[in-house]
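Data first, discussion second: the structure below is written as structure tokens.
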Amino acid sequence: MASLKDATAIVGIGQTPFAKQLPESEKALACRAILSALDDAGIAPAEVDAFASYTMEETDEVEVAKAVGAGDVTFFSKVGYGGGGSCATVGHLAAAVATGQASVGVAWRSRKRGSGPRPWRNTAVQLPTPAQWTRPFGLLRPADEIAMLTRRYLHEYGATRDHLFNVALACRNRANQNPAAIMYERPLTRDMYMTSRWISEPLCLFDNCLETDGALACVVVSAERARDCRRVPVYVHSVAQGLPAQHHGMVNYWNDDPLSGPAWTAARQLWKQSDVAPEDVDVAQIYDAFTALIPLSLEGYGFCARGEGGAFTEGGALEIGGRLPLNTAGGGLSEAYVHGFNLITEGVKQLRGTSTAQVPDAATCLVTAGEGVPTSALLLRTT
């Protein structure tokens, strides 16, 4: 059976500035990020023949291809479920390149969520199945939906708000080292966290991701071609998507096991296709739209046993030098929230050795997409 293992590599990354409000359109931001990634790789736009992005991406591949000057495009795809699709965009390109459908692939995400419309304010249009059974009764936003799962997790396993604070603090500490982060030079203290306003109890202000304008992109080529590119290749070692049986999206409450989400399904596939195990991961970029997703993901991807995700965060475990350095640019909580694509680019920076919060000798990085929705994950390696 053909394998994607180390058959392709990310050779270019690019991003725009992140801000609460940027003047450019989403299309302009997308093109800036893509051209930056191609320049980083040393590849001309005319060589691009594959695109992958999200179904929620407002700028389509036709507009991007024309604007950046791509050649004939022979592969294009979009992945659903918002932040759950981030890693899958790279996975789709890896499959296309490895099977000869394309030679130079670009994945991207452009978003103006900071200055753009807030979709959760219009509840009348938020009623597709299964939301028709929950939103009329007050679960209007993702924060409300995840708050219910968080309450269940805290109750069932004795996790505490201090465990959630550990997640928020680790992300903020890394953002404080990253000049590109929105929360750069804005420290977080326990007192600030514990006295902040509720967004949806038990989730407070600092348990929620940022709302950001910005765009990011990466370039995927074959492992053979990667050796001749401008940058040190970062190989796509393993990739997986996950949609478990009985899953109902963020409102996963009537599942037989609400706290065993898509991460568990993606993880089984990811590790099955890999030469490494959780204990071999040097650094992780774990999707953090909400702090509570981190303990759930730590358990799902096998870093600790069921119910131990909260305790795993203790003793500086998520900090540089800890058991599992996490979200080393600040993540969605403190760098920028662009549906998780900044976690991919930060994983590449770590393995290149160019992160603003570099983990010494990092050679293997786990990147995950959104837990709570159909998801995806990547294992990236240097060799």
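Labels used: A, B, ... for chains in the order of the structure tokens, numbers from 1 for residues in each chain, and numbers from 1 for ligands as shown.
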
Original post:
Skipping near chain neighbours, those fewer than 6 positions away, what residues fall within 6 Å of stretch 333-344 of chain A using only C-alpha atoms, listed as a PyMOL selection string?
Top reply: chain A and resi 83+86+172+175+181-183+209-210+212+285

Original post:
Could you pull out all residues of stretch 25-134 of chain A with a DSSP call of alpha helix (DSSP H) and give them as number ranges by chain?
Top reply: A: 26-41, 61-68, 86-98

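Each of A:Pro360, A:Pro179, A:Pro258, A:Gly302 was compared to A:Ile320 using only C-alpha atoms, and A:Pro360 turns out to be the nearest.
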
Could you list, with a cut-off of 7 Å and counting only C-alpha atoms, the residues of stretch 183-261 of chain A near stretch 25-38 of chain A, each shown with its nearest atom pair and the distance in Å rounded to one decimal, rows sorted by chain and ascending number, as JSON lines?
```
{"residue": "A:Gly214", "atom": "CA", "partner": "A:Leu29", "partner_atom": "CA", "distance": 6.6}
{"residue": "A:Ala215", "atom": "CA", "partner": "A:Ala30", "partner_atom": "CA", "distance": 5.5}
{"residue": "A:Leu216", "atom": "CA", "partner": "A:Ala33", "partner_atom": "CA", "distance": 5.1}
{"residue": "A:Ala217", "atom": "CA", "partner": "A:Ile34", "partner_atom": "CA", "distance": 5.3}
{"residue": "A:Cys218", "atom": "CA", "partner": "A:Ala37", "partner_atom": "CA", "distance": 5.6}
{"residue": "A:Val219", "atom": "CA", "partner": "A:Ala37", "partner_atom": "CA", "distance": 6.4}
```

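Taking only C-alpha atoms into account, A:Asn166 lies nearest to A:Phe206 out of the set A:Phe206, A:Tyr184, A:Phe137, A:Phe51.
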
Original post:
What's the 7 Å shell around stretch 262-272 of chain A, counting only C-alpha atoms, without same-chain residues fewer than 3 positions away, as a PyMOL selection string?
Top reply: chain A and resi 238-244+277+297+300-301+371-377

With N, CA and C atoms kept, could you save the residues just selected as an mmCIF file, in the first residue's frame?
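To be explicit, this is the file written out as out_27.cif:
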```cif
data_model
loop_
_atom_site.group_PDB
_atom_site.id
_atom_site.type_symbol
_atom_site.label_atom_id
_atom_site.label_comp_id
_atom_site.auth_asym_id
_atom_site.auth_seq_id
_atom_site.Cartn_x
_atom_site.Cartn_y
_atom_site.Cartn_z
ATOM 1 N N SER A 238 3.089 12.101 9.003
ATOM 2 C CA SER A 238 1.809 11.410 9.121
ATOM 3 C C SER A 238 0.700 12.449 9.137
ATOM 4 N N VAL A 239 -0.455 12.064 8.623
ATOM 5 C CA VAL A 239 -1.599 12.971 8.573
ATOM 6 C C VAL A 239 -2.867 12.163 8.776
ATOM 7 N N ALA A 240 -3.863 12.761 9.428
ATOM 8 C CA ALA A 240 -5.108 12.036 9.681
ATOM 9 C C ALA A 240 -6.267 13.013 9.803
ATOM 10 N N GLN A 241 -7.452 12.523 9.490
ATOM 11 C CA GLN A 241 -8.697 13.218 9.800
ATOM 12 C C GLN A 241 -9.502 12.334 10.743
ATOM 13 N N GLY A 242 -10.463 12.925 11.454
ATOM 14 C CA GLY A 242 -11.231 12.149 12.405
ATOM 15 C C GLY A 242 -12.660 12.629 12.557
ATOM 16 N N LEU A 243 -13.598 11.729 12.309
ATOM 17 C CA LEU A 243 -15.030 11.965 12.537
ATOM 18 C C LEU A 243 -15.584 10.709 13.206
ATOM 19 N N PRO A 244 -15.728 10.718 14.521
ATOM 20 C CA PRO A 244 -16.147 9.500 15.224
ATOM 21 C C PRO A 244 -17.615 9.164 15.029
ATOM 22 N N ALA A 277 5.765 7.788 18.494
ATOM 23 C CA ALA A 277 4.672 7.693 19.458
ATOM 24 C C ALA A 277 4.583 9.008 20.217
ATOM 25 N N SER A 297 -7.621 17.205 24.234
ATOM 26 C CA SER A 297 -6.718 16.789 23.163
ATOM 27 C C SER A 297 -5.517 16.031 23.704
ATOM 28 N N GLY A 300 -6.831 12.651 24.110
ATOM 29 C CA GLY A 300 -7.158 12.030 22.836
ATOM 30 C C GLY A 300 -5.944 11.596 22.055
ATOM 31 N N TYR A 301 -4.874 12.409 22.082
ATOM 32 C CA TYR A 301 -3.671 12.086 21.315
ATOM 33 C C TYR A 301 -2.670 11.249 22.107
ATOM 34 N N GLU A 371 -10.611 20.365 18.190
ATOM 35 C CA GLU A 371 -11.308 19.288 18.882
ATOM 36 C C GLU A 371 -12.743 19.750 19.144
ATOM 37 N N GLY A 372 -13.674 18.814 19.125
ATOM 38 C CA GLY A 372 -15.084 19.154 19.271
ATOM 39 C C GLY A 372 -15.821 19.197 17.952
ATOM 40 N N VAL A 373 -15.077 19.309 16.854
ATOM 41 C CA VAL A 373 -15.640 19.237 15.510
ATOM 42 C C VAL A 373 -14.853 18.197 14.729
ATOM 43 N N PRO A 374 -15.383 17.675 13.624
ATOM 44 C CA PRO A 374 -14.577 16.778 12.800
ATOM 45 C C PRO A 374 -13.225 17.411 12.532
ATOM 46 N N THR A 375 -12.154 16.648 12.781
ATOM 47 C CA THR A 375 -10.847 17.268 12.944
ATOM 48 C C THR A 375 -9.781 16.653 12.064
ATOM 49 N N SER A 376 -8.547 17.105 12.243
ATOM 50 C CA SER A 376 -7.409 16.600 11.502
ATOM 51 C C SER A 376 -6.144 16.875 12.295
ATOM 52 N N ALA A 377 -5.048 16.218 11.906
ATOM 53 C CA ALA A 377 -3.790 16.374 12.623
ATOM 54 C C ALA A 377 -2.625 16.050 11.721
#
```

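Using only C-alpha atoms, the smallest distance between any of A:Leu380, A:Ala223, A:Ala46, A:Leu293 and A:Tyr153 comes from A:Leu293.
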
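Across A:Ala65, A:Gly322, A:Gly84, A:Ile13, the tightest approach to A:Gly347 is made by A:Ile13 when counting only C-alpha atoms.
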
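Residue nearest A:Thr8, chosen from A:Glu63, A:Asp49, A:Ser110, A:Tyr235 and counting only C-alpha atoms: A:Tyr235.
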
Subject >> Option closest in space to A:Gly353, from A:Cys365, A:Ala19, A:Ala41, A:Leu296 [counting only C-alpha atoms] >> reply: A:Cys365

**OP:** For atom CA of A:Gln132 and atom CA of A:Trp254, quote the distance in Å rounded to one decimal.
**Re:** 14.5 Å

Original post:
In Å, with one decimal, what is the gap from atom CA of A:Gly310 to atom CA of A:Asp275?
Top reply: 27.6 Å

Those of stretch 80-211 of chain A in DSSP strand (DSSP E), formatted as a PDB file with C-alpha atoms, in the first residue's frame:
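Output contents, as saved in part_0.pdb:
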```
ATOM      1  CA  GLY A 105       0.697  22.824  -3.610  1.00  0.00           C
ATOM      2  CA  VAL A 106      -0.377  25.849  -1.605  1.00  0.00           C
ATOM      3  CA  ALA A 107      -2.633  25.716   1.451  1.00  0.00           C
ATOM      4  CA  TRP A 108      -3.952  28.932   2.963  1.00  0.00           C
ATOM      5  CA  ARG A 109      -6.443  30.602   5.261  1.00  0.00           C
ATOM      6  CA  SER A 110      -7.411  34.264   5.190  1.00  0.00           C
ATOM      7  CA  ARG A 111      -9.785  35.732   7.711  1.00  0.00           C
ATOM      8  CA  LYS A 112     -11.156  39.069   8.845  1.00  0.00           C
ATOM      9  CA  TRP A 198     -17.458  35.237  32.328  1.00  0.00           C
ATOM     10  CA  ILE A 199     -18.009  34.619  28.642  1.00  0.00           C
ATOM     11  CA  SER A 200     -19.939  31.399  29.192  1.00  0.00           C
ATOM     12  CA  LEU A 203     -15.203  29.794  30.551  1.00  0.00           C
ATOM     13  CA  CYS A 204     -13.929  33.277  31.361  1.00  0.00           C
TER      14      CYS A 204
END
```

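Atom CA of A:Asp288 is positioned 17.4 Å from atom CA of A:Ala311.
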
**OP:** Please provide as number ranges by chain all residues within 9 Å of A:Thr99, with the sequence filter that same-chain residues fewer than 3 positions apart are discarded (counting only C-alpha atoms).
**Re:** A: 2, 4, 94-96, 102

Just the selected residues (N, CA and C atoms), exported as a compact mmCIF listing (two decimals), in the first residue's frame, please.
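So selection.txt came out as:
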```txt
# COMPACT_ATOMS: atom_id res chain seq x y z
N ALA A 2 0.55 2.21 -0.83
CA ALA A 2 1.32 3.44 -0.89
C ALA A 2 1.19 4.20 0.43
N LEU A 4 1.99 7.92 2.64
CA LEU A 4 2.33 9.34 2.59
C LEU A 4 3.51 9.67 3.49
N ALA A 94 -0.52 16.93 0.40
CA ALA A 94 0.47 15.86 0.48
C ALA A 94 0.04 14.66 -0.34
N ALA A 95 -1.25 14.31 -0.24
CA ALA A 95 -1.76 13.17 -1.02
C ALA A 95 -1.70 13.46 -2.52
N ALA A 96 -2.05 14.69 -2.90
CA ALA A 96 -2.02 15.04 -4.32
C ALA A 96 -0.61 15.01 -4.88
N ALA A 102 -0.23 16.60 -8.64
CA ALA A 102 0.28 17.96 -8.64
C ALA A 102 1.73 17.93 -8.20
```

Counting only C-alpha atoms, which residues in stretch 237-293 of chain A sit no more than 8 Å from stretch 145-148 of chain A? For each one, give the nearest pair of atoms and the distance in Å, sorted by chain then residue number, as a tab-separated table.
```
residue	atom	partner	partner_atom	distance
A:Met250	CA	A:Glu145	CA	5.9
A:Val251	CA	A:Glu145	CA	5.8
A:Phe290	CA	A:Ile146	CA	7.8
A:Ala292	CA	A:Ile146	CA	7.9
```

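Residue neighbourhood of A:Asp162, excluding near-sequence residues (fewer than 5 positions): A:Val167, A:Arg190, A:Met194, A:Gly310, A:Glu314, at 9 Å, using only C-alpha atoms.
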
Shell around A:Leu298 at 10 Å using only C-alpha atoms, local window under 5 positions removed, as a PDB file with N, CA and C atoms, in the first residue's frame:
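result-v5.pdb, freshly written:
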```
ATOM      1  N   ALA A 263     -10.636  13.960  18.346  1.00  0.00           N
ATOM      2  CA  ALA A 263      -9.191  13.776  18.524  1.00  0.00           C
ATOM      3  C   ALA A 263      -8.829  12.308  18.684  1.00  0.00           C
ATOM      4  N   TRP A 264      -9.665  11.571  19.374  1.00  0.00           N
ATOM      5  CA  TRP A 264      -9.372  10.149  19.603  1.00  0.00           C
ATOM      6  C   TRP A 264      -9.375   9.375  18.286  1.00  0.00           C
ATOM      7  N   PRO A 278       3.524   9.210  21.008  1.00  0.00           N
ATOM      8  CA  PRO A 278       3.389  10.469  21.730  1.00  0.00           C
ATOM      9  C   PRO A 278       4.627  10.855  22.546  1.00  0.00           C
ATOM     10  N   ALA A 284       4.416  20.579  20.690  1.00  0.00           N
ATOM     11  CA  ALA A 284       3.073  20.399  20.141  1.00  0.00           C
ATOM     12  C   ALA A 284       2.407  21.743  19.917  1.00  0.00           C
ATOM     13  N   ILE A 286      -1.304  22.575  19.653  1.00  0.00           N
ATOM     14  CA  ILE A 286      -2.616  21.955  19.846  1.00  0.00           C
ATOM     15  C   ILE A 286      -3.705  23.029  19.795  1.00  0.00           C
ATOM     16  N   LEU A 293     -10.150  22.728  25.459  1.00  0.00           N
ATOM     17  CA  LEU A 293      -9.851  21.769  24.395  1.00  0.00           C
ATOM     18  C   LEU A 293      -8.474  21.139  24.573  1.00  0.00           C
ATOM     19  N   PHE A 303      -1.146  11.602  25.236  1.00  0.00           N
ATOM     20  CA  PHE A 303      -0.088  12.113  26.104  1.00  0.00           C
ATOM     21  C   PHE A 303      -0.342  11.791  27.574  1.00  0.00           C
ATOM     22  N   CYS A 304      -1.578  11.457  27.898  1.00  0.00           N
ATOM     23  CA  CYS A 304      -1.919  11.051  29.262  1.00  0.00           C
ATOM     24  C   CYS A 304      -3.188  10.219  29.190  1.00  0.00           C
ATOM     25  N   ALA A 305      -3.533   9.605  30.307  1.00  0.00           N
ATOM     26  CA  ALA A 305      -4.706   8.740  30.357  1.00  0.00           C
ATOM     27  C   ALA A 305      -5.985   9.559  30.453  1.00  0.00           C
ATOM     28  N   ARG A 306      -7.080   8.892  30.239  1.00  0.00           N
ATOM     29  CA  ARG A 306      -8.395   9.519  30.315  1.00  0.00           C
ATOM     30  C   ARG A 306      -8.584  10.189  31.683  1.00  0.00           C
ATOM     31  N   GLY A 307      -9.025  11.428  31.662  1.00  0.00           N
ATOM     32  CA  GLY A 307      -9.266  12.157  32.891  1.00  0.00           C
ATOM     33  C   GLY A 307      -8.045  12.820  33.495  1.00  0.00           C
ATOM     34  N   GLU A 308      -6.865  12.635  32.890  1.00  0.00           N
ATOM     35  CA  GLU A 308      -5.627  13.176  33.445  1.00  0.00           C
ATOM     36  C   GLU A 308      -5.143  14.429  32.719  1.00  0.00           C
ATOM     37  N   GLY A 309      -5.921  14.931  31.757  1.00  0.00           N
ATOM     38  CA  GLY A 309      -5.491  16.088  30.982  1.00  0.00           C
ATOM     39  C   GLY A 309      -5.309  17.336  31.816  1.00  0.00           C
ATOM     40  N   GLY A 310      -6.185  17.544  32.794  1.00  0.00           N
ATOM     41  CA  GLY A 310      -6.031  18.698  33.659  1.00  0.00           C
ATOM     42  C   GLY A 310      -4.749  18.617  34.470  1.00  0.00           C
ATOM     43  N   PHE A 312      -2.157  16.997  33.847  1.00  0.00           N
ATOM     44  CA  PHE A 312      -0.974  17.049  32.977  1.00  0.00           C
ATOM     45  C   PHE A 312      -0.422  18.463  32.879  1.00  0.00           C
ATOM     46  N   THR A 313      -1.274  19.461  32.997  1.00  0.00           N
ATOM     47  CA  THR A 313      -0.844  20.852  32.814  1.00  0.00           C
ATOM     48  C   THR A 313      -0.059  21.403  34.001  1.00  0.00           C
ATOM     49  N   LEU A 324       5.764  18.887  27.695  1.00  0.00           N
ATOM     50  CA  LEU A 324       5.287  19.061  26.325  1.00  0.00           C
ATOM     51  C   LEU A 324       5.108  20.546  26.039  1.00  0.00           C
TER      52      LEU A 324
END
```
